[in-house]
$ cat target.cif   # mmCIF, C-alpha atoms
data_work
loop_
_atom_site.label_atom_id
_atom_site.label_comp_id
_atom_site.auth_asym_id
_atom_site.auth_seq_id
_atom_site.Cartn_x
_atom_site.Cartn_y
_atom_site.Cartn_z
CA MET A 1 0.00 0.00 0.00
CA THR A 2 1.42 3.40 -0.97
CA ASP A 3 1.18 6.53 1.10
CA LEU A 4 -1.07 9.15 -0.43
CA PRO A 5 -0.33 12.84 0.05
CA PRO A 6 -2.68 14.75 2.36
CA ALA A 7 -5.86 16.04 0.74
CA SER A 8 -4.59 19.62 0.95
CA ASP A 9 -1.49 18.66 -1.08
CA VAL A 10 -3.66 16.95 -3.68
CA HIS A 11 -5.90 20.01 -3.88
CA GLN A 12 -2.88 22.27 -4.33
CA THR A 13 -1.45 20.06 -7.07
CA PHE A 14 -4.64 20.18 -9.12
CA MET A 15 -5.20 23.88 -8.39
CA ARG A 16 -1.76 24.58 -9.83
CA ALA A 17 -2.89 22.83 -13.02
CA ALA A 18 -5.99 25.06 -13.03
CA LEU A 19 -3.71 28.09 -12.57
CA ASP A 20 -1.75 26.98 -15.64
CA GLN A 21 -5.02 27.02 -17.58
CA ALA A 22 -5.83 30.49 -16.19
CA ARG A 23 -2.49 31.76 -17.46
CA LEU A 24 -3.38 30.44 -20.93
CA ALA A 25 -6.61 32.43 -20.73
CA ALA A 26 -4.68 35.60 -19.83
CA GLU A 27 -2.27 35.04 -22.73
CA ALA A 28 -5.30 34.77 -25.03
CA GLY A 29 -6.70 38.08 -23.72
CA GLU A 30 -9.46 36.35 -21.75
CA VAL A 31 -10.25 36.87 -18.08
CA PRO A 32 -7.79 34.47 -16.38
CA VAL A 33 -9.94 31.70 -15.01
CA GLY A 34 -8.81 28.11 -15.45
CA ALA A 35 -10.25 24.74 -14.55
CA VAL A 36 -9.41 21.05 -14.54
CA LEU A 37 -11.67 18.06 -13.94
CA VAL A 38 -10.23 15.15 -11.97
CA ALA A 39 -11.36 11.54 -11.67
CA GLY A 40 -9.44 8.71 -10.05
CA GLY A 41 -6.58 11.01 -9.13
CA ALA A 42 -5.93 12.13 -12.72
CA ILE A 43 -6.90 15.13 -14.82
CA ILE A 44 -9.45 14.01 -17.41
CA ALA A 45 -10.15 17.44 -18.93
CA SER A 46 -8.91 21.01 -18.74
CA GLY A 47 -10.11 24.37 -19.96
CA PHE A 48 -9.99 28.10 -19.55
CA ASN A 49 -12.24 31.10 -20.03
CA GLN A 50 -12.94 31.83 -23.69
CA PRO A 51 -16.19 33.77 -24.10
CA ILE A 52 -14.41 36.54 -26.06
CA SER A 53 -12.61 34.33 -28.59
CA ALA A 54 -15.47 31.82 -28.90
CA HIS A 55 -18.13 34.55 -29.12
CA ASP A 56 -19.97 32.49 -26.52
CA PRO A 57 -21.19 33.92 -23.21
CA THR A 58 -21.35 30.40 -21.77
CA ALA A 59 -17.68 29.59 -22.48
CA HIS A 60 -16.58 30.00 -18.87
CA ALA A 61 -13.69 27.78 -17.77
CA GLU A 62 -15.99 25.48 -15.81
CA VAL A 63 -18.39 24.95 -18.72
CA VAL A 64 -15.51 24.44 -21.15
CA VAL A 65 -13.96 21.75 -18.94
CA LEU A 66 -17.31 20.01 -18.40
CA ARG A 67 -17.94 19.99 -22.16
CA ASN A 68 -14.44 18.63 -22.83
CA ALA A 69 -14.86 15.86 -20.26
CA ALA A 70 -18.36 14.89 -21.40
CA SER A 71 -17.18 14.71 -25.00
CA ALA A 72 -14.11 12.62 -24.10
CA LEU A 73 -16.13 10.23 -21.93
CA GLY A 74 -19.21 10.10 -24.18
CA ASN A 75 -21.47 10.95 -21.24
CA TYR A 76 -22.71 14.22 -19.81
CA ARG A 77 -22.93 12.69 -16.36
CA LEU A 78 -19.56 13.13 -14.71
CA ASN A 79 -20.16 11.18 -11.51
CA GLY A 80 -17.24 10.86 -9.11
CA THR A 81 -15.36 13.88 -10.46
CA THR A 82 -13.86 16.91 -8.77
CA LEU A 83 -13.78 20.26 -10.54
CA TYR A 84 -10.87 22.57 -9.66
CA VAL A 85 -11.33 26.21 -10.67
CA THR A 86 -9.26 29.26 -9.83
CA VAL A 87 -12.21 31.53 -8.99
CA GLU A 88 -15.50 30.79 -7.24
CA PRO A 89 -18.09 29.69 -9.83
CA CYS A 90 -20.97 31.88 -10.97
CA LEU A 91 -24.63 30.88 -11.02
CA MET A 92 -24.48 29.40 -14.53
CA CYS A 93 -21.40 27.31 -13.76
CA ALA A 94 -22.81 26.08 -10.45
CA GLY A 95 -25.93 24.93 -12.29
CA ALA A 96 -23.83 23.15 -14.92
CA MET A 97 -21.99 21.27 -12.17
CA VAL A 98 -25.29 20.06 -10.71
CA HIS A 99 -26.53 18.86 -14.11
CA ALA A 100 -23.20 17.11 -14.78
CA ARG A 101 -23.32 15.39 -11.36
CA VAL A 102 -19.88 16.69 -10.31
CA GLU A 103 -19.07 15.34 -6.86
CA GLU A 104 -17.01 18.28 -5.54
CA VAL A 105 -15.91 21.74 -6.60
CA VAL A 106 -12.64 23.09 -5.26
CA PHE A 107 -12.03 26.78 -5.92
CA GLY A 108 -9.23 29.22 -5.28
CA ALA A 109 -10.29 32.83 -4.80
CA PRO A 110 -13.78 33.81 -3.70
CA GLU A 111 -15.69 36.14 -6.04
CA PRO A 112 -17.62 38.57 -3.81
CA ARG A 113 -19.85 39.98 -6.56
CA SER A 114 -20.83 37.03 -8.72
CA GLY A 115 -19.67 33.98 -6.80
CA ALA A 116 -22.70 31.75 -6.43
CA VAL A 117 -21.23 29.02 -4.23
CA VAL A 118 -20.36 30.83 -0.98
CA SER A 119 -20.13 34.58 -1.63
CA SER A 120 -23.16 36.35 -3.12
CA ALA A 121 -25.30 33.18 -3.09
CA ARG A 122 -25.17 29.56 -2.00
CA VAL A 123 -27.04 27.99 -4.88
CA LEU A 124 -25.59 24.52 -4.36
CA GLU A 125 -27.53 24.44 -1.07
CA THR A 126 -30.89 25.02 -2.79
CA PRO A 127 -33.31 22.50 -1.22
CA GLY A 128 -34.96 21.26 -4.42
CA LEU A 129 -31.79 20.23 -6.26
CA ASN A 130 -31.60 16.56 -7.25
CA HIS A 131 -27.80 16.44 -6.77
CA ARG A 132 -25.45 17.82 -4.14
CA VAL A 133 -21.99 19.16 -4.94
CA ALA A 134 -19.50 19.35 -2.07
CA VAL A 135 -17.60 22.64 -1.83
CA THR A 136 -14.01 23.36 -0.79
CA GLY A 137 -12.81 26.94 -1.14
CA GLY A 138 -9.68 28.95 -0.62
CA VAL A 139 -7.12 26.56 -2.14
CA LEU A 140 -4.14 28.71 -3.23
CA ALA A 141 -6.53 31.65 -2.91
CA GLU A 142 -3.83 34.32 -2.79
CA GLU A 143 -2.12 33.04 -5.94
CA CYS A 144 -5.46 32.83 -7.76
CA ARG A 145 -6.49 36.31 -6.60
CA GLU A 146 -3.13 37.83 -7.58
CA LEU A 147 -3.36 36.42 -11.11
CA MET A 148 -6.79 38.00 -11.56
CA GLN A 149 -5.76 41.33 -10.02
CA ARG A 150 -2.59 41.52 -12.12
CA PHE A 151 -4.58 40.85 -15.30
CA PHE A 152 -7.00 43.72 -14.64
CA ARG A 153 -4.23 46.04 -13.42
CA ASP A 154 -2.33 45.41 -16.66
CA ARG A 155 -5.49 45.90 -18.76
CA ARG A 156 -6.24 49.25 -17.13
CA ALA A 157 -2.68 50.38 -17.86
CA GLN A 158 -3.10 49.73 -21.60
CA PRO A 159 -4.31 52.80 -23.51
CA GLY A 160 -7.44 52.31 -25.57
CA LEU A 161 -8.83 49.37 -23.62
#
$ encode --input "target.cif" --output "structure tokens"
Amino acid sequence: MTDLPPASDVHQTFMRAALDQARLAAEAGEVPVGAVLVAGGAIIASGFNQPISAHDPTAHAEVVVLRNAASALGNYRLNGTTLYVTVEPCLMCAGAMVHARVEEVVFGAPEPRSGAVVSSARVLETPGLNHRVAVTGGVLAEECRELMQRFFRDRRAQPGL
């Protein structure tokens, strides 16, 4: 039997992979949010924000990663998976996780204005939902927050944007 790293170490490892995806979003001129979906201790799909380049308001990192995983697995139900995302999910993304049957969402930085998991709303606790998603927040929160703040600071410094 092998020793497994503590859960916090596992969360940090996968959040770093989500941060890598967020950096790809920033390089593409998108708001730097990244996500990975994990099953059985391995990343099965990754994605980053792309509503600007895809001309798709639903192309948030969470939705992109869920679509990628569902396509790869041939099933929209993603039972037993954990979604890692650098910023607290919005209402749309939280709903997508419920429909996909994601087991747990692990996020980095809270989003006080539009975060729908613990900040501005707690939609995953809605009584009538037919599926429950466990929530873990604050994993590498400072690193996730700094990436987002740096992106917007740099954007504001660019003339004409």
$ axis_aligned_box --input "target.cif" --around "segment 118-133 of chain A" --padding-each-side "8 Å" --output "lines of an AutoDock Vina configuration file"
center_x = -27.5
center_y = 26.4
center_z = -4.1
size_x = 30.8
size_y = 35.9
size_z = 22.3
$ closest_residue --input "target.cif" --among "A:Ala54, A:Val31, A:Val102, A:Cys90" --to "Ser120 of chain A" --atoms "all atoms listed in the file"
A:Cys90
$ closest_residue --input "target.cif" --among "A:Ser119, A:Thr126, A:Thr58, A:Asn68" --to "Glu88 of chain A" --atoms "all atoms listed in the file"
A:Ser119
$ atom_distance --input "target.cif" --atom1 "atom CA of Val123 of chain A" --atom2 "atom CA of Val87 of chain A"
15.8 Å
$ closest_atom_pairs --input "target.cif" --of "segment 39-138 of chain A" --to "segment 144-159 of chain A" --cutoff "12 Å" --atoms "all atoms listed in the file" --output "JSON lines"
{"residue": "A:Tyr84", "atom": "CA", "partner": "A:Cys144", "partner_atom": "CA", "distance": 11.8}
{"residue": "A:Val85", "atom": "CA", "partner": "A:Cys144", "partner_atom": "CA", "distance": 9.3}
{"residue": "A:Thr86", "atom": "CA", "partner": "A:Cys144", "partner_atom": "CA", "distance": 5.6}
{"residue": "A:Val87", "atom": "CA", "partner": "A:Cys144", "partner_atom": "CA", "distance": 7.0}
{"residue": "A:Glu88", "atom": "CA", "partner": "A:Cys144", "partner_atom": "CA", "distance": 10.3}
{"residue": "A:Phe107", "atom": "CA", "partner": "A:Cys144", "partner_atom": "CA", "distance": 9.1}
{"residue": "A:Gly108", "atom": "CA", "partner": "A:Cys144", "partner_atom": "CA", "distance": 5.8}
{"residue": "A:Ala109", "atom": "CA", "partner": "A:Arg145", "partner_atom": "CA", "distance": 5.5}
{"residue": "A:Pro110", "atom": "CA", "partner": "A:Arg145", "partner_atom": "CA", "distance": 8.2}
{"residue": "A:Glu111", "atom": "CA", "partner": "A:Arg145", "partner_atom": "CA", "distance": 9.2}
{"residue": "A:Pro112", "atom": "CA", "partner": "A:Arg145", "partner_atom": "CA", "distance": 11.7}
{"residue": "A:Gly137", "atom": "CA", "partner": "A:Cys144", "partner_atom": "CA", "distance": 11.5}
{"residue": "A:Gly138", "atom": "CA", "partner": "A:Cys144", "partner_atom": "CA", "distance": 9.2}
$ closest_residue --input "target.cif" --among "A:Leu91, A:Ser53, A:Ile43, A:Gln12" --to "Glu27 of chain A" --atoms "only C-alpha atoms"
A:Ser53
$ closest_residue --input "target.cif" --among "A:Ser71, A:Val118, A:Leu129, A:Ala18" --to "Val98 of chain A" --atoms "only C-alpha atoms"
A:Leu129
$ residues_near_point --input "target.cif" --point "(-8.9, 24.7, -15.6)" --cutoff "8 Å" --atoms "all atoms listed in the file" --output "list in words"
Ala17, Ala18, Leu19, Asp20, Gln21, Ala22, Val33, Gly34, Ala35, Val36, Leu37, Ser46, Gly47, Phe48, Ala61, Glu62, Val65, Tyr84, Val85 and Thr86 of chain A
$ resolve_selection --input "target.cif" --expression "the PyMOL selection byres ((chain A and resi 38) around 9)" --output "MDAnalysis selection string"
chainID A and resid 14 36:37 39:45 80:84
$ closest_residue --input "target.cif" --among "A:Val117, A:Ala26, A:Val133, A:Cys93" --to "Val63 of chain A" --atoms "all atoms listed in the file"
A:Cys93
$ residues_near_point --input "target.cif" --point "(-23.3, 22.1, -18.3)" --cutoff "9 Å" --atoms "only C-alpha atoms" --output "list in words"
Glu62, Val63, Val64, Leu66, Arg67, Tyr76, Met92, Cys93, Ala94, Gly95, Ala96, Met97, Val98, His99 and Ala100 of chain A
$ atom_distance --input "target.cif" --atom1 "atom CA of Ile52 of chain A" --atom2 "atom CA of Glu104 of chain A"
27.6 Å
$ closest_residue --input "target.cif" --among "A:Val105, A:Val10, A:Gly160, A:Ala121" --to "Thr136 of chain A" --atoms "only C-alpha atoms"
A:Val105
